[in-house]
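The structure file final_20.cif is reproduced below (mmCIF, C-alpha atoms).
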data_upload
loop_
_atom_site.label_atom_id
_atom_site.label_comp_id
_atom_site.auth_asym_id
_atom_site.auth_seq_id
_atom_site.Cartn_x
_atom_site.Cartn_y
_atom_site.Cartn_z
CA MET A 1 2.02 -14.30 -2.94
CA THR A 2 2.71 -16.83 -0.17
CA GLN A 3 -0.06 -15.67 2.10
CA ARG A 4 -3.06 -17.71 3.16
CA LEU A 5 -6.11 -16.24 1.42
CA VAL A 6 -9.55 -17.08 2.84
CA LEU A 7 -12.78 -15.73 1.40
CA HIS A 8 -15.65 -15.38 3.88
CA GLU A 9 -18.65 -15.48 1.55
CA ASP A 10 -22.22 -16.29 0.63
CA PRO A 11 -22.08 -18.11 -2.73
CA CYS A 12 -25.33 -16.39 -3.85
CA SER A 13 -23.68 -12.97 -3.57
CA GLY A 14 -22.32 -11.26 -6.65
CA ASN A 15 -20.03 -9.23 -4.40
CA CYS A 16 -18.39 -12.52 -3.42
CA HIS A 17 -18.21 -13.67 -7.02
CA LYS A 18 -16.12 -10.60 -7.92
CA ILE A 19 -13.37 -11.85 -5.60
CA VAL A 20 -13.63 -15.47 -6.75
CA LEU A 21 -13.39 -14.25 -10.35
CA THR A 22 -10.38 -12.00 -9.66
CA ALA A 23 -8.53 -14.83 -7.93
CA ALA A 24 -9.43 -17.27 -10.73
CA LEU A 25 -8.19 -14.96 -13.49
CA LEU A 26 -4.95 -14.47 -11.55
CA GLY A 27 -4.56 -18.17 -10.71
CA LEU A 28 -4.55 -17.50 -6.95
CA PRO A 29 -5.81 -20.25 -4.62
CA LEU A 30 -8.62 -19.15 -2.27
CA GLU A 31 -9.99 -21.05 0.72
CA ARG A 32 -13.71 -20.42 1.12
CA VAL A 33 -15.85 -20.23 4.27
CA GLN A 34 -19.58 -19.94 3.60
CA TYR A 35 -22.36 -18.09 5.44
CA ASP A 36 -26.08 -17.73 4.68
CA ILE A 37 -26.98 -14.04 4.95
CA THR A 38 -30.73 -14.79 4.86
CA ARG A 39 -30.24 -16.66 8.19
CA GLY A 40 -28.27 -13.83 9.82
CA GLU A 41 -25.04 -15.80 9.91
CA THR A 42 -22.97 -12.62 9.36
CA ARG A 43 -24.61 -10.82 12.31
CA THR A 44 -23.58 -13.22 15.07
CA PRO A 45 -21.46 -11.81 17.93
CA GLU A 46 -18.56 -14.02 16.86
CA PHE A 47 -18.67 -12.83 13.24
CA LEU A 48 -18.90 -9.17 14.30
CA ALA A 49 -15.99 -9.54 16.73
CA THR A 50 -13.58 -11.42 14.46
CA VAL A 51 -14.47 -11.10 10.77
CA ASN A 52 -16.29 -7.79 10.19
CA ALA A 53 -17.82 -5.35 12.67
CA ASN A 54 -20.00 -4.15 9.77
CA GLY A 55 -21.79 -7.54 9.69
CA ARG A 56 -21.32 -8.02 5.96
CA ILE A 57 -19.69 -10.41 3.56
CA PRO A 58 -17.54 -10.76 1.57
CA VAL A 59 -14.44 -10.35 3.69
CA LEU A 60 -11.03 -11.38 2.41
CA GLN A 61 -8.81 -12.83 5.12
CA VAL A 62 -5.07 -12.42 4.45
CA ASP A 63 -3.30 -14.57 7.05
CA ASP A 64 -4.73 -13.12 10.29
CA ARG A 65 -5.94 -9.79 8.89
CA PHE A 66 -9.46 -9.15 7.58
CA LEU A 67 -10.36 -6.92 4.63
CA PRO A 68 -14.06 -6.08 4.11
CA GLU A 69 -15.57 -4.49 0.98
CA SER A 70 -15.55 -6.60 -2.18
CA ASN A 71 -13.87 -4.03 -4.40
CA ALA A 72 -11.07 -3.43 -1.90
CA ALA A 73 -10.48 -7.21 -1.74
CA CYS A 74 -10.28 -7.37 -5.56
CA TRP A 75 -7.78 -4.50 -5.47
CA TYR A 76 -5.64 -6.32 -2.89
CA LEU A 77 -5.47 -9.46 -5.02
CA ALA A 78 -4.81 -7.63 -8.30
CA ASP A 79 -2.47 -4.85 -7.12
CA GLY A 80 0.65 -5.00 -9.28
CA THR A 81 -0.90 -7.23 -11.97
CA ALA A 82 -2.26 -6.42 -15.45
CA LEU A 83 -5.78 -6.21 -13.98
CA VAL A 84 -4.77 -2.79 -12.53
CA PRO A 85 -3.51 -0.36 -15.21
CA ALA A 86 0.03 0.95 -14.79
CA ASP A 87 -0.93 4.36 -16.23
CA ARG A 88 -1.93 6.88 -13.55
CA PHE A 89 -5.04 8.26 -15.26
CA ALA A 90 -6.21 4.81 -16.36
CA ARG A 91 -5.79 3.51 -12.81
CA ALA A 92 -7.96 6.32 -11.44
CA ASP A 93 -10.45 5.80 -14.28
CA MET A 94 -10.71 2.12 -13.31
CA LEU A 95 -11.47 3.17 -9.73
CA ARG A 96 -14.07 5.58 -11.13
CA TRP A 97 -16.04 2.60 -12.52
CA MET A 98 -15.52 0.65 -9.29
CA PHE A 99 -17.04 3.51 -7.26
CA PHE A 100 -19.83 3.83 -9.85
CA GLU A 101 -20.50 0.12 -9.30
CA GLN A 102 -20.94 0.57 -5.57
CA TYR A 103 -22.93 3.81 -5.74
CA ASN A 104 -25.06 3.66 -8.91
CA HIS A 105 -25.16 0.00 -9.92
CA GLU A 106 -25.14 -2.34 -6.91
CA PRO A 107 -27.80 -0.54 -4.79
CA ASN A 108 -30.22 -0.77 -7.71
CA VAL A 109 -29.33 -3.69 -10.01
CA ALA A 110 -28.20 -6.03 -7.22
CA THR A 111 -30.82 -4.94 -4.69
CA LEU A 112 -33.72 -5.63 -7.07
CA ARG A 113 -32.28 -9.10 -7.76
CA TYR A 114 -32.04 -9.71 -3.99
CA TRP A 115 -35.54 -8.41 -3.30
CA LEU A 116 -37.33 -10.06 -6.24
CA HIS A 117 -35.32 -13.25 -6.80
CA ILE A 118 -33.98 -14.19 -3.36
CA LEU A 119 -36.45 -12.68 -0.86
CA GLY A 120 -39.45 -12.76 -3.21
CA GLU A 121 -41.81 -9.85 -3.96
CA ASP A 122 -44.50 -11.14 -1.57
CA ASN A 123 -42.07 -10.86 1.33
CA LEU A 124 -41.07 -7.21 0.83
CA SER A 125 -41.90 -4.49 3.35
CA GLU A 126 -43.98 -1.45 2.47
CA ALA A 127 -40.82 0.69 2.51
CA GLN A 128 -39.14 -1.69 0.04
CA ARG A 129 -42.19 -1.71 -2.27
CA GLY A 130 -42.11 2.08 -2.23
CA GLN A 131 -38.59 2.03 -3.66
CA LEU A 132 -39.15 -0.48 -6.47
CA ALA A 133 -39.89 2.10 -9.18
CA ALA A 134 -36.97 4.37 -8.25
CA LYS A 135 -34.55 1.44 -8.11
CA ARG A 136 -35.80 0.16 -11.46
CA ALA A 137 -35.22 3.58 -13.07
CA ALA A 138 -31.81 4.05 -11.45
CA GLY A 139 -30.73 0.50 -12.37
CA ASP A 140 -31.76 1.03 -15.99
CA ALA A 141 -29.88 4.35 -16.00
CA ALA A 142 -26.74 2.59 -14.78
CA LEU A 143 -27.09 -0.13 -17.43
CA ALA A 144 -27.74 2.47 -20.16
CA LEU A 145 -24.60 4.38 -19.17
CA MET A 146 -22.55 1.17 -19.33
CA ASP A 147 -24.07 0.24 -22.69
CA GLU A 148 -23.28 3.65 -24.15
CA HIS A 149 -19.71 3.46 -22.87
CA LEU A 150 -19.20 -0.07 -24.25
CA ALA A 151 -20.74 0.74 -27.65
CA THR A 152 -17.32 1.96 -28.83
CA ARG A 153 -15.01 -0.05 -26.54
CA ASP A 154 -14.28 -3.68 -25.71
CA TRP A 155 -13.41 -2.99 -22.04
CA PHE A 156 -14.27 -0.24 -19.56
CA VAL A 157 -10.72 1.16 -19.38
CA GLY A 158 -7.96 0.75 -21.95
CA ASP A 159 -7.39 -2.24 -24.19
CA GLY A 160 -7.84 -5.17 -21.84
CA ALA A 161 -9.88 -6.43 -18.89
CA THR A 162 -9.31 -4.64 -15.59
CA LEU A 163 -10.99 -4.75 -12.19
CA ALA A 164 -13.59 -2.33 -13.58
CA ASP A 165 -14.88 -5.10 -15.84
CA ILE A 166 -14.62 -7.76 -13.15
CA VAL A 167 -16.55 -5.90 -10.45
CA LEU A 168 -19.31 -4.86 -12.87
CA TYR A 169 -19.69 -8.39 -14.24
CA PRO A 170 -21.55 -10.43 -11.57
CA TYR A 171 -24.60 -8.26 -10.92
CA THR A 172 -24.87 -7.21 -14.57
CA SER A 173 -24.85 -10.83 -15.74
CA ALA A 174 -27.50 -11.72 -13.11
CA SER A 175 -29.62 -8.60 -13.70
CA GLY A 176 -32.35 -10.58 -15.49
CA GLN A 177 -33.16 -12.11 -12.07
CA GLY A 178 -33.98 -8.58 -10.92
CA GLY A 179 -36.30 -8.01 -13.86
CA PHE A 180 -33.90 -6.02 -16.05
CA ALA A 181 -34.03 -6.68 -19.80
CA LEU A 182 -30.45 -7.26 -20.90
CA GLY A 183 -31.67 -7.54 -24.50
CA ASP A 184 -32.11 -3.77 -24.40
CA TYR A 185 -28.36 -3.36 -23.93
CA PRO A 186 -26.57 -5.06 -26.84
CA ALA A 187 -23.10 -3.69 -26.11
CA ILE A 188 -23.37 -5.05 -22.57
CA GLY A 189 -24.32 -8.43 -24.00
CA ARG A 190 -21.21 -8.52 -26.19
CA TRP A 191 -19.02 -7.42 -23.28
CA LEU A 192 -20.44 -10.13 -20.98
CA ALA A 193 -19.67 -12.76 -23.64
CA ARG A 194 -16.16 -11.34 -24.11
CA LEU A 195 -15.43 -11.47 -20.39
CA GLY A 196 -16.80 -15.01 -20.15
CA LYS A 197 -14.10 -16.16 -22.59
CA LEU A 198 -11.12 -14.90 -20.55
CA PRO A 199 -8.71 -17.71 -19.58
CA GLY A 200 -9.54 -18.90 -16.07
CA PHE A 201 -13.08 -17.43 -16.05
CA VAL A 202 -15.51 -19.02 -13.58
CA ALA A 203 -19.27 -18.39 -13.48
CA MET A 204 -21.22 -17.57 -10.30
CA SER A 205 -22.36 -20.73 -8.44
CA MET B 1 2.39 17.51 -11.87
CA THR B 2 2.33 20.00 -14.75
CA GLN B 3 -1.19 19.24 -15.87
CA ARG B 4 -4.09 21.64 -15.83
CA LEU B 5 -6.49 20.52 -13.11
CA VAL B 6 -10.08 21.82 -13.23
CA LEU B 7 -12.73 20.82 -10.70
CA HIS B 8 -16.31 20.88 -11.99
CA GLU B 9 -18.24 21.30 -8.75
CA ASP B 10 -21.14 22.50 -6.64
CA PRO B 11 -19.59 24.21 -3.60
CA CYS B 12 -22.42 22.88 -1.36
CA SER B 13 -21.39 19.30 -2.13
CA GLY B 14 -19.26 17.37 0.32
CA ASN B 15 -18.17 15.13 -2.56
CA CYS B 16 -16.58 18.22 -4.13
CA HIS B 17 -15.00 19.25 -0.85
CA LYS B 18 -13.12 15.94 -0.71
CA ILE B 19 -11.25 16.90 -3.87
CA VAL B 20 -10.64 20.50 -2.78
CA LEU B 21 -9.28 19.18 0.52
CA THR B 22 -7.01 16.60 -1.13
CA ALA B 23 -5.57 19.23 -3.47
CA ALA B 24 -5.10 21.70 -0.59
CA LEU B 25 -3.27 19.18 1.59
CA LEU B 26 -1.01 18.34 -1.37
CA GLY B 27 -0.49 22.00 -2.37
CA LEU B 28 -1.90 21.41 -5.89
CA PRO B 29 -3.58 24.35 -7.66
CA LEU B 30 -7.15 23.64 -8.84
CA GLU B 31 -9.24 25.76 -11.18
CA ARG B 32 -12.92 25.59 -10.22
CA VAL B 33 -16.06 25.72 -12.40
CA GLN B 34 -19.30 25.88 -10.44
CA TYR B 35 -22.76 24.41 -11.13
CA ASP B 36 -25.97 24.49 -9.09
CA ILE B 37 -27.35 20.94 -8.94
CA THR B 38 -30.69 22.12 -7.54
CA ARG B 39 -31.20 24.00 -10.87
CA GLY B 40 -30.32 20.98 -13.03
CA GLU B 41 -27.12 22.56 -14.31
CA THR B 42 -25.39 19.15 -14.46
CA ARG B 43 -28.17 17.61 -16.59
CA THR B 44 -27.91 19.93 -19.58
CA PRO B 45 -27.11 18.34 -22.98
CA GLU B 46 -23.77 20.15 -23.07
CA PHE B 47 -22.74 18.92 -19.60
CA LEU B 48 -23.78 15.34 -20.43
CA ALA B 49 -21.89 15.41 -23.74
CA THR B 50 -18.63 16.92 -22.53
CA VAL B 51 -18.19 16.63 -18.76
CA ASN B 52 -20.07 13.57 -17.49
CA ALA B 53 -22.66 11.36 -19.20
CA ASN B 54 -23.80 10.38 -15.69
CA GLY B 55 -25.01 13.97 -15.06
CA ARG B 56 -23.21 14.32 -11.75
CA ILE B 57 -20.53 16.43 -10.14
CA PRO B 58 -17.80 16.48 -9.06
CA VAL B 59 -15.74 15.75 -12.13
CA LEU B 60 -11.98 16.33 -12.17
CA GLN B 61 -10.72 17.56 -15.53
CA VAL B 62 -7.06 16.68 -16.22
CA ASP B 63 -6.08 18.64 -19.32
CA ASP B 64 -8.76 17.45 -21.80
CA ARG B 65 -9.79 14.27 -19.99
CA PHE B 66 -12.65 14.03 -17.50
CA LEU B 67 -12.69 11.87 -14.39
CA PRO B 68 -16.05 11.47 -12.57
CA GLU B 69 -16.52 10.01 -9.07
CA SER B 70 -15.13 12.02 -6.18
CA ASN B 71 -13.09 9.22 -4.63
CA ALA B 72 -11.45 8.35 -7.96
CA ALA B 73 -10.52 12.02 -8.39
CA CYS B 74 -8.94 12.08 -4.91
CA TRP B 75 -7.00 8.94 -5.81
CA TYR B 76 -5.71 10.53 -9.02
CA LEU B 77 -4.42 13.58 -7.16
CA ALA B 78 -2.86 11.62 -4.30
CA ASP B 79 -1.46 8.61 -6.16
CA GLY B 80 2.23 8.33 -5.27
CA THR B 81 2.01 10.67 -2.24
CA ALA B 82 1.91 9.96 1.51
CA LEU B 83 -1.92 10.19 1.39
CA VAL B 84 -1.91 6.71 -0.24
CA PRO B 85 -0.08 4.11 1.86
CA ALA B 86 2.89 2.38 0.24
CA ASP B 87 2.11 -0.92 2.00
CA ARG B 88 -0.08 -3.25 -0.09
CA PHE B 89 -2.51 -4.29 2.64
CA ALA B 90 -2.79 -0.74 4.01
CA ARG B 91 -3.51 0.59 0.50
CA ALA B 92 -6.35 -1.91 0.07
CA ASP B 93 -7.58 -1.17 3.60
CA MET B 94 -7.73 2.54 2.71
CA LEU B 95 -9.84 1.67 -0.35
CA ARG B 96 -12.04 -0.43 1.94
CA TRP B 97 -13.00 2.71 3.87
CA MET B 98 -13.44 4.68 0.64
CA PHE B 99 -15.92 2.05 -0.66
CA PHE B 100 -17.62 2.03 2.75
CA GLU B 101 -17.98 5.79 2.41
CA GLN B 102 -19.79 5.49 -0.93
CA TYR B 103 -21.95 2.50 0.03
CA ASN B 104 -22.78 2.84 3.74
CA HIS B 105 -22.07 6.45 4.64
CA GLU B 106 -22.85 8.85 1.77
CA PRO B 107 -26.29 7.43 0.77
CA ASN B 108 -27.46 7.88 4.37
CA VAL B 109 -25.46 10.61 6.13
CA ALA B 110 -25.12 12.87 3.06
CA THR B 111 -28.58 12.16 1.66
CA LEU B 112 -30.34 13.14 4.90
CA ARG B 113 -28.34 16.38 4.95
CA TYR B 114 -29.39 17.05 1.33
CA TRP B 115 -33.04 16.21 1.97
CA LEU B 116 -33.45 18.00 5.32
CA HIS B 117 -30.99 20.90 5.05
CA ILE B 118 -30.86 21.75 1.33
CA LEU B 119 -34.23 20.60 -0.09
CA GLY B 120 -36.16 21.00 3.19
CA GLU B 121 -38.42 18.39 4.81
CA ASP B 122 -41.61 20.04 3.50
CA ASN B 123 -40.43 19.53 -0.08
CA LEU B 124 -39.76 15.79 0.12
CA SER B 125 -41.75 13.24 -1.89
CA GLU B 126 -43.73 10.46 -0.23
CA ALA B 127 -41.09 7.95 -1.37
CA GLN B 128 -38.37 10.05 0.27
CA ARG B 129 -40.36 10.38 3.51
CA GLY B 130 -40.77 6.60 3.54
CA GLN B 131 -36.99 6.20 3.62
CA LEU B 132 -36.20 8.70 6.40
CA ALA B 133 -36.23 6.17 9.25
CA ALA B 134 -34.14 3.58 7.40
CA LYS B 135 -31.59 6.20 6.35
CA ARG B 136 -31.41 7.55 9.90
CA ALA B 137 -30.70 4.05 11.26
CA ALA B 138 -28.17 3.22 8.53
CA GLY B 139 -26.41 6.57 8.93
CA ASP B 140 -26.15 6.11 12.69
CA ALA B 141 -24.81 2.58 12.11
CA ALA B 142 -22.11 3.98 9.79
CA LEU B 143 -21.15 6.66 12.34
CA ALA B 144 -21.11 4.10 15.16
CA LEU B 145 -18.79 1.83 13.17
CA MET B 146 -16.44 4.77 12.52
CA ASP B 147 -16.54 5.81 16.18
CA GLU B 148 -15.71 2.28 17.35
CA HIS B 149 -12.83 2.08 14.87
CA LEU B 150 -11.44 5.48 15.90
CA ALA B 151 -11.74 4.80 19.64
CA THR B 152 -8.31 3.14 19.56
CA ARG B 153 -6.74 4.91 16.54
CA ASP B 154 -5.92 8.46 15.45
CA TRP B 155 -6.51 7.75 11.72
CA PHE B 156 -8.51 5.16 9.75
CA VAL B 157 -5.45 3.36 8.35
CA GLY B 158 -1.93 3.36 9.75
CA ASP B 159 -0.23 6.21 11.59
CA GLY B 160 -1.15 9.24 9.48
CA ALA B 161 -3.93 10.81 7.43
CA THR B 162 -4.80 9.03 4.18
CA LEU B 163 -7.55 9.42 1.61
CA ALA B 164 -9.77 7.29 3.88
CA ASP B 165 -9.82 10.15 6.38
CA ILE B 166 -10.21 12.83 3.73
CA VAL B 167 -13.20 11.27 1.94
CA LEU B 168 -15.00 10.52 5.21
CA TYR B 169 -14.44 14.03 6.54
CA PRO B 170 -16.87 16.34 4.66
CA TYR B 171 -20.21 14.58 5.19
CA THR B 172 -19.27 13.48 8.71
CA SER B 173 -18.40 17.04 9.72
CA ALA B 174 -21.68 18.29 8.18
CA SER B 175 -23.81 15.45 9.57
CA GLY B 176 -25.47 17.70 12.15
CA GLN B 177 -27.25 19.39 9.22
CA GLY B 178 -28.85 16.00 8.52
CA GLY B 179 -30.02 15.66 12.11
CA PHE B 180 -27.26 13.35 13.34
CA ALA B 181 -25.96 13.96 16.87
CA LEU B 182 -22.18 14.06 16.62
CA GLY B 183 -21.99 14.42 20.40
CA ASP B 184 -22.90 10.72 20.55
CA TYR B 185 -19.63 9.88 18.80
CA PRO B 186 -16.74 11.28 20.84
CA ALA B 187 -13.95 9.51 18.93
CA ILE B 188 -15.29 10.97 15.69
CA GLY B 189 -15.25 14.42 17.29
CA ARG B 190 -11.59 14.07 18.26
CA TRP B 191 -10.72 12.78 14.76
CA LEU B 192 -12.52 15.71 13.06
CA ALA B 193 -10.54 18.15 15.21
CA ARG B 194 -7.30 16.31 14.43
CA LEU B 195 -7.94 16.44 10.69
CA GLY B 196 -8.86 20.12 10.87
CA LYS B 197 -5.37 20.88 12.17
CA LEU B 198 -3.48 19.32 9.23
CA PRO B 199 -1.24 21.84 7.40
CA GLY B 200 -3.12 23.20 4.40
CA PHE B 201 -6.59 22.17 5.67
CA VAL B 202 -9.53 24.10 4.18
CA ALA B 203 -13.13 23.93 5.45
CA MET B 204 -16.16 23.42 3.19
CA SER B 205 -17.49 26.73 1.80
#

Translate this structure into structure tokens?
Amino acid sequence: MTQRLVLHEDPCSGNCHKIVLTAALLGLPLERVQYDITRGETRTPEFLATVNANGRIPVLQVDDRFLPESNAACWYLADGTALVPADRFARADMLRWMFFEQYNHEPNVATLRYWLHILGEDNLSEAQRGQLAAKRAAGDAALALMDEHLATRDWFVGDGATLADIVLYPYTSASGQGGFALGDYPAIGRWLARLGKLPGFVAMS
Amino acid sequence: MTQRLVLHEDPCSGNCHKIVLTAALLGLPLERVQYDITRGETRTPEFLATVNANGRIPVLQVDDRFLPESNAACWYLADGTALVPADRFARADMLRWMFFEQYNHEPNVATLRYWLHILGEDNLSEAQRGQLAAKRAAGDAALALMDEHLATRDWFVGDGATLADIVLYPYTSASGQGGFALGDYPAIGRWLARLGKLPGFVAMS
């Protein structure tokens, strides 16, 4: 790949770490431009006009084109490599876990970390407080499903690490900051350790 | 494809319609097994043990293997066809809109339809009522982003329909049932009409 790759990111974001981790495991150089989402730096008119009209990071810049959505950026980097299975069913099954991550995992596991660890419980709105119990239950359900799946497997799909493992890693590894008890999920613990030993692995800043 | 394809579905679900629509546009025969999610038919021990441990439909069965997550099922059916772009950036950009659909669109646009049209406003919990305003605002933001994108394009990615269009179609076309005013989004209206004219198109039951 001879393109210029620039990651527009907030280093506290697990969604950004997915892309950093994918690039690191593939040995791809990434330039990095940092924003602080708690200061609204991704909602400025300039950001909305040039980087992402959706006002969110991460965004992967490929030369002069911009690709929002963390899992799509990981796919772009890994397309054609061993991190995306060559088998048709396995490739779709990997995407199944990537959609699970965005629908069942991130809105619960990552959101509780953001609310409780980054914003702080005292600063939550009434509407946010009203969702704490439901997000706790849904986050634990997502972790329990992962733990059950990993009880008999080393990786989510097939015999080696794929993007399914990479995109589920950051917010699972940081879930203790959202009040989740990773000790309740021993297969997840073994999988996190396994992934942390892959050549090129980098931890979240 | 010589495999047996069985869709485990609830015909009221837009997530199921995505898969029906993909198969119809590709001319693939689908067997269909129906469940009523409002009666808990996807949470029975048998369903959890054989079809999907996550207790959700749709699930695409390919011979004796089961693939949850609607967008992953669409990918499986369309992989290698014109509904998935051959260009690397365009393929990732299509996935970008598919992740947007699951993260920004479905939890707001589809959930309000489910709460207001299927469950009924009088039957909502206090916690659900507390989220109505936020989901209305987030759903309108998702529709506005789509409308802005489509103002200068016929399709989400490239020059023809892709899975990005197909997965965004069902809940956008049904968004009036969730109280959204599609008349406010003229480019979306033109795009819905355009998609409805594709050869093989089938509407939601």

If we count all atoms listed in the file and set the cut-off at 8 Å, which residues sit around Leu116 (chain B), ignoring sequence neighbours fewer than 3 positions away in its own chain? Please answer as a PDB file with C-alpha atoms, keeping the file's coordinate frame.
ATOM      1  CA  LEU B 112     -30.340  13.140   4.900  1.00  0.00           C
ATOM      2  CA  ARG B 113     -28.340  16.380   4.950  1.00  0.00           C
ATOM      3  CA  LEU B 119     -34.230  20.600  -0.090  1.00  0.00           C
ATOM      4  CA  GLY B 120     -36.160  21.000   3.190  1.00  0.00           C
ATOM      5  CA  GLU B 121     -38.420  18.390   4.810  1.00  0.00           C
ATOM      6  CA  GLN B 177     -27.250  19.390   9.220  1.00  0.00           C
ATOM      7  CA  GLY B 178     -28.850  16.000   8.520  1.00  0.00           C
ATOM      8  CA  GLY B 179     -30.020  15.660  12.110  1.00  0.00           C
TER       9      GLY B 179
END

Notebook entry, point to check: So which residues touch Leu168 (chain A) within 9 Å, counting all atoms listed in the file, skipping near sequence neighbours fewer than 6 positions away, as a ChimeraX atom specification?
Noted result: /A:18,97-98,101,105-106

Could the residues of chain A that have an atom at most 8 Å from chain B be listed as CSV, each with its closest atom pair and the distance in Å to one decimal, counting only C-alpha atoms and ordered by chain and ascending residue number?
residue,atom,partner,partner_atom,distance
A:Ala53,CA,B:Leu145,CA,7.3
A:Asn54,CA,B:Leu145,CA,7.0
A:Leu67,CA,B:Asp93,CA,6.5
A:Pro68,CA,B:Arg96,CA,6.4
A:Glu69,CA,B:Arg96,CA,5.5
A:Asn71,CA,B:Phe99,CA,7.4
A:Ala72,CA,B:Arg96,CA,5.0
A:Ala73,CA,B:Ala92,CA,7.0
A:Trp75,CA,B:Ala92,CA,6.3
A:Tyr76,CA,B:Ala92,CA,5.4
A:Asp79,CA,B:Arg88,CA,7.6
A:Arg88,CA,B:Tyr76,CA,6.9
A:Phe89,CA,B:Tyr76,CA,6.7
A:Arg91,CA,B:Tyr76,CA,8.0
A:Ala92,CA,B:Ala72,CA,5.3
A:Asp93,CA,B:Leu67,CA,6.5
A:Leu95,CA,B:Ala72,CA,5.5
A:Arg96,CA,B:Ala72,CA,5.0
A:Phe99,CA,B:Glu69,CA,6.8
A:Phe100,CA,B:Glu69,CA,7.1
A:Gln102,CA,B:Tyr103,CA,6.0
A:Tyr103,CA,B:Gln102,CA,6.0
A:Ala127,CA,B:Gly130,CA,6.0
A:Gly130,CA,B:Ala127,CA,6.0
A:Gln131,CA,B:Ala127,CA,6.8
A:Leu145,CA,B:Asn54,CA,7.0

Margin query: My list of candidates is A:Ile166, A:Leu30, A:Leu25, A:Ala187. Which is closest to Thr152 (chain A) when distances are computed with only C-alpha atoms?
Written below: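 Ranked by minimum distance to Thr152 (chain A), first place goes to A:Ala187.
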
Next item on the list: Carefully work through the PyMOL selection byres ((chain A and resi 175) around 10) for this structure and note down the residues it includes, as a list in words.
Entry: Asn108, Val109, Ala110, Thr111, Leu112, Arg113, Gly139, Leu143, Tyr169, Pro170, Tyr171, Thr172, Ser173, Ala174, Gly176, Gln177, Gly178, Gly179, Phe180, Ala181 and Leu182 of chain A
